[in-house]
Each structure stands twice: as structure tokens, then as C-alpha cells.
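What's in start.pdb: PDB, C-alpha atoms, pLDDT in the B column
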ATOM      1  CA  MET Y   1     -16.229  41.239 -14.294  1.00 47.00           C
ATOM      2  CA  GLY Y   2     -17.055  41.957 -10.668  1.00 57.00           C
ATOM      3  CA  GLY Y   3     -15.450  44.683  -8.611  1.00 58.00           C
ATOM      4  CA  PHE Y   4     -13.677  42.192  -6.355  1.00 57.00           C
ATOM      5  CA  ARG Y   5     -12.181  40.370  -9.342  1.00 61.00           C
ATOM      6  CA  LEU Y   6     -10.872  43.649 -10.783  1.00 61.00           C
ATOM      7  CA  GLN Y   7      -9.365  44.670  -7.438  1.00 67.00           C
ATOM      8  CA  SER Y   8      -7.638  41.299  -7.213  1.00 68.00           C
ATOM      9  CA  LEU Y   9      -6.317  41.657 -10.755  1.00 66.00           C
ATOM     10  CA  VAL Y  10      -4.880  45.123 -10.071  1.00 68.00           C
ATOM     11  CA  ALA Y  11      -3.431  43.997  -6.715  1.00 70.00           C
ATOM     12  CA  ASN Y  12      -1.685  41.030  -8.353  1.00 67.00           C
ATOM     13  CA  ALA Y  13      -0.329  43.272 -11.116  1.00 67.00           C
ATOM     14  CA  LYS Y  14       1.004  45.723  -8.529  1.00 66.00           C
ATOM     15  CA  GLN Y  15       2.708  42.861  -6.660  1.00 64.00           C
ATOM     16  CA  LEU Y  16       4.366  41.657  -9.873  1.00 60.00           C
ATOM     17  CA  ILE Y  17       5.480  45.223 -10.592  1.00 59.00           C
ATOM     18  CA  LYS Y  18       7.041  45.576  -7.135  1.00 61.00           C
ATOM     19  CA  GLN Y  19       8.954  42.325  -7.569  1.00 56.00           C
ATOM     20  CA  ASN Y  20      10.133  43.297 -11.047  1.00 55.00           C
ATOM     21  CA  ASN Y  21      11.107  46.849 -10.151  1.00 49.00           C
ATOM     22  CA  LYS Y  22      13.346  45.703  -7.274  1.00 52.00           C
ATOM     23  CA  HIS Y  23      15.643  44.274  -9.925  1.00 52.00           C
ATOM     24  CA  ARG Y  24      15.311  47.142 -12.419  1.00 57.00           C
ATOM     25  CA  ARG Y  25      17.051  50.351 -11.462  1.00 64.00           C
ATOM     26  CA  ASP Y  26      16.226  51.990 -14.792  1.00 81.00           C
ATOM     27  CA  VAL Y  27      12.495  52.240 -14.021  1.00 87.00           C
ATOM     28  CA  PRO Y  28      11.723  55.540 -12.281  1.00 91.00           C
ATOM     29  CA  LYS Y  29       9.586  55.610  -9.165  1.00 91.00           C
ATOM     30  CA  GLY Y  30       5.907  55.779 -10.113  1.00 93.00           C
ATOM     31  CA  TYR Y  31       6.414  53.812 -13.341  1.00 92.00           C
ATOM     32  CA  LEU Y  32       6.445  50.175 -14.388  1.00 88.00           C
ATOM     33  CA  ALA Y  33       8.051  48.184 -17.154  1.00 89.00           C
ATOM     34  CA  VAL Y  34       5.792  46.137 -19.403  1.00 90.00           C
ATOM     35  CA  TYR Y  35       6.617  43.888 -22.328  1.00 90.00           C
ATOM     36  CA  VAL Y  36       4.334  44.242 -25.326  1.00 92.00           C
ATOM     37  CA  GLY Y  37       3.977  42.197 -28.475  1.00 86.00           C
ATOM     38  CA  GLU Y  38       2.439  39.037 -29.777  1.00 81.00           C
ATOM     39  CA  ILE Y  39       5.680  37.336 -30.868  1.00 82.00           C
ATOM     40  CA  GLN Y  40       8.584  39.753 -30.465  1.00 88.00           C
ATOM     41  CA  ARG Y  41       8.273  41.616 -27.157  1.00 87.00           C
ATOM     42  CA  LYS Y  42       9.269  45.258 -26.743  1.00 92.00           C
ATOM     43  CA  ARG Y  43       9.791  46.875 -23.350  1.00 92.00           C
ATOM     44  CA  PHE Y  44       7.856  50.043 -22.441  1.00 93.00           C
ATOM     45  CA  VAL Y  45       7.969  52.061 -19.224  1.00 92.00           C
ATOM     46  CA  VAL Y  46       4.542  53.450 -18.325  1.00 93.00           C
ATOM     47  CA  PRO Y  47       3.121  55.409 -15.354  1.00 95.00           C
ATOM     48  CA  LEU Y  48       1.516  53.437 -12.517  1.00 93.00           C
ATOM     49  CA  SER Y  49      -1.544  55.666 -12.944  1.00 94.00           C
ATOM     50  CA  TYR Y  50      -2.427  53.552 -16.000  1.00 94.00           C
ATOM     51  CA  LEU Y  51      -3.450  50.753 -13.610  1.00 91.00           C
ATOM     52  CA  ASP Y  52      -6.535  52.794 -12.730  1.00 92.00           C
ATOM     53  CA  GLN Y  53      -7.606  53.270 -16.350  1.00 93.00           C
ATOM     54  CA  PRO Y  54     -10.336  50.964 -17.751  1.00 93.00           C
ATOM     55  CA  LEU Y  55      -8.561  50.590 -21.117  1.00 91.00           C
ATOM     56  CA  PHE Y  56      -5.344  49.478 -19.436  1.00 93.00           C
ATOM     57  CA  GLN Y  57      -7.281  47.195 -17.087  1.00 92.00           C
ATOM     58  CA  ASP Y  58      -8.671  45.425 -20.172  1.00 91.00           C
ATOM     59  CA  LEU Y  59      -5.078  44.706 -21.210  1.00 89.00           C
ATOM     60  CA  LEU Y  60      -4.356  43.380 -17.713  1.00 88.00           C
ATOM     61  CA  ARG Y  61      -7.316  41.003 -18.009  1.00 90.00           C
ATOM     62  CA  ARG Y  62      -6.011  39.712 -21.341  1.00 86.00           C
ATOM     63  CA  SER Y  63      -2.588  39.289 -19.813  1.00 84.00           C
ATOM     64  CA  GLU Y  64      -4.034  37.308 -16.917  1.00 85.00           C
ATOM     65  CA  GLU Y  65      -6.031  35.092 -19.291  1.00 85.00           C
ATOM     66  CA  GLU Y  66      -2.980  34.297 -21.407  1.00 80.00           C
ATOM     67  CA  PHE Y  67      -0.186  34.153 -18.830  1.00 72.00           C
ATOM     68  CA  GLY Y  68      -1.819  34.032 -15.409  1.00 74.00           C
ATOM     69  CA  PHE Y  69       0.788  35.648 -13.210  1.00 65.00           C
ATOM     70  CA  ASN Y  70       3.707  33.659 -14.603  1.00 64.00           C
ATOM     71  CA  HIS Y  71       5.161  36.124 -17.102  1.00 59.00           C
ATOM     72  CA  PRO Y  72       7.910  34.725 -19.324  1.00 60.00           C
ATOM     73  CA  MET Y  73       9.811  38.018 -19.601  1.00 59.00           C
ATOM     74  CA  GLY Y  74      10.101  38.431 -15.827  1.00 61.00           C
ATOM     75  CA  GLY Y  75       7.876  41.502 -15.930  1.00 73.00           C
ATOM     76  CA  LEU Y  76       4.307  42.224 -16.853  1.00 83.00           C
ATOM     77  CA  THR Y  77       3.718  40.881 -20.377  1.00 85.00           C
ATOM     78  CA  ILE Y  78       0.846  42.330 -22.391  1.00 87.00           C
ATOM     79  CA  PRO Y  79      -0.376  40.196 -25.314  1.00 84.00           C
ATOM     80  CA  CYS Y  80      -1.274  42.783 -27.941  1.00 89.00           C
ATOM     81  CA  CYS Y  81       0.476  44.234 -30.960  1.00 91.00           C
ATOM     82  CA  GLU Y  82       2.860  47.093 -30.360  1.00 93.00           C
ATOM     83  CA  GLU Y  83       0.883  49.506 -32.547  1.00 94.00           C
ATOM     84  CA  ALA Y  84      -2.328  48.937 -30.564  1.00 94.00           C
ATOM     85  CA  PHE Y  85      -0.462  49.462 -27.277  1.00 95.00           C
ATOM     86  CA  VAL Y  86       1.084  52.722 -28.496  1.00 94.00           C
ATOM     87  CA  CYS Y  87      -2.339  53.907 -29.672  1.00 94.00           C
ATOM     88  CA  LEU Y  88      -3.910  53.034 -26.304  1.00 93.00           C
ATOM     89  CA  THR Y  89      -1.187  54.721 -24.245  1.00 93.00           C
ATOM     90  CA  THR Y  90      -1.445  57.813 -26.451  1.00 93.00           C
ATOM     91  CA  GLN Y  91      -5.171  57.958 -25.628  1.00 91.00           C
ATOM     92  CA  LEU Y  92      -4.379  57.628 -21.914  1.00 90.00           C
ATOM     93  CA  GLN Y  93      -1.828  60.454 -22.075  1.00 87.00           C
ATOM     94  CA  VAL Y  94      -4.361  62.786 -23.700  1.00 83.00           C
ATOM     95  CA  SER Y  95      -7.144  62.063 -21.198  1.00 73.00           C
TER
END
Could the structure of this file be written out as C-alpha cells, please?
Amino acid sequence: MGGFRLQSLVANAKQLIKQNNKHRRDVPKGYLAVYVGEIQRKRFVVPLSYLDQPLFQDLLRRSEEEFGFNHPMGGLTIPCCEEAFVCLTTQLQVS
């Protein structure tokens, strides 16, 4: 995927986050709410710094492929199993 495409993907994700966070007072500044799961969605609050991480960007690409930017939960929806997401975010916290 080209650099421009990735920048566009991250910019669109940030815009969705801004729109979602205006309505969510329980998300601290510098964080975003995401919904994770293939069938049953669970809400996670993660640092915005994850948007710069290649592993998280792969999840954003999958999200764009499946949902475009019309997310059924009203926030950023990530189409992967909860266990895989927890494993990935644990790796990001360690690095």
C-alpha cells in the first residue's frame, strides 16, 4: 500500500475518532474507543499513539476493507477476534 493511501487511511480514522469522541465523555484525551470482535463487539479504549504503529495500521486497513468508514457501532470497528486484539495491543504496550 502506498504512502499516500496509508496517510489517507490514518487521516480518515482520526476524523472518525474526533466525531466519536465528541459524544463520549468517558474517553480520556489522547485515547480512542474502538469496538472489537467478529460477531459480538467489545469496546476498548486505546492510546492514539497506536495509529502510528504498523500492526495497528494493518487492523485499520482491514476495518476499511470491511466497513469503509461507515461503522455500525458509531465508533471505529475492528474486525478481528478479541483475543488477537488483546495480544496485539499487549505487544504495542511492550514496544
Two-atom distance - atom CA of Ile78 of chain Y, atom CA of Gly30 of chain Y (Å):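 Straight-line distance from atom CA of Ile78 of chain Y to atom CA of Gly30 of chain Y works out to 18.9 Å.
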Provide the atom CA of Ile39 of chain Y to atom CA of Gly68 of chain Y distance in Å, to one decimal place. 17.5 Å
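Among Y:Glu38, Y:Asp52, Y:Glu65, Y:Asp58, the residue with the shortest atom-to-atom distance to Cys80 of chain Y, counting only C-alpha atoms, is Y:Glu38.
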Coordinates-based distance that separates atom CA of Pro28 of chain Y from atom CA of Ala11 of chain Y (Å, one decimal): 19.8 Å
Care to translate the PyMOL selection byres ((chain Y and resi 32) around 8) into actual residues of this file, as an NGL selection string? :Y and (17 or 21 or 27-28 or 30-31 or 33-34 or 45-48)
Report, as JSON, the axis-aligned box around all atoms of segment 81-90 of chain Y present in the file, extended by 3 Å on each side; give centre and edge lengths in Å to one decimal place.
{"center_x": -0.5, "center_y": 51.0, "center_z": -28.4, "size_x": 12.8, "size_y": 19.6, "size_z": 14.3}
If the PyMOL selection byres ((chain Y and resi 35) around 10) were run on this exact file, what residues would it hold? Put them as a ChimeraX atom specification. /Y:33-34,36-38,40-45,71-80,82
Apply the PyMOL selection byres ((chain Y and resi 91-93) around 10) to the file shown and report the selected residues as a PDB file with C-alpha atoms, in the coordinates of the input.
ATOM      1  CA  PRO Y  47       3.121  55.409 -15.354  1.00 95.00           C
ATOM      2  CA  SER Y  49      -1.544  55.666 -12.944  1.00 94.00           C
ATOM      3  CA  TYR Y  50      -2.427  53.552 -16.000  1.00 94.00           C
ATOM      4  CA  GLN Y  53      -7.606  53.270 -16.350  1.00 93.00           C
ATOM      5  CA  PRO Y  54     -10.336  50.964 -17.751  1.00 93.00           C
ATOM      6  CA  LEU Y  55      -8.561  50.590 -21.117  1.00 91.00           C
ATOM      7  CA  PHE Y  56      -5.344  49.478 -19.436  1.00 93.00           C
ATOM      8  CA  PHE Y  85      -0.462  49.462 -27.277  1.00 95.00           C
ATOM      9  CA  VAL Y  86       1.084  52.722 -28.496  1.00 94.00           C
ATOM     10  CA  CYS Y  87      -2.339  53.907 -29.672  1.00 94.00           C
ATOM     11  CA  LEU Y  88      -3.910  53.034 -26.304  1.00 93.00           C
ATOM     12  CA  THR Y  89      -1.187  54.721 -24.245  1.00 93.00           C
ATOM     13  CA  THR Y  90      -1.445  57.813 -26.451  1.00 93.00           C
ATOM     14  CA  VAL Y  94      -4.361  62.786 -23.700  1.00 83.00           C
ATOM     15  CA  SER Y  95      -7.144  62.063 -21.198  1.00 73.00           C
TER      16      SER Y  95
END
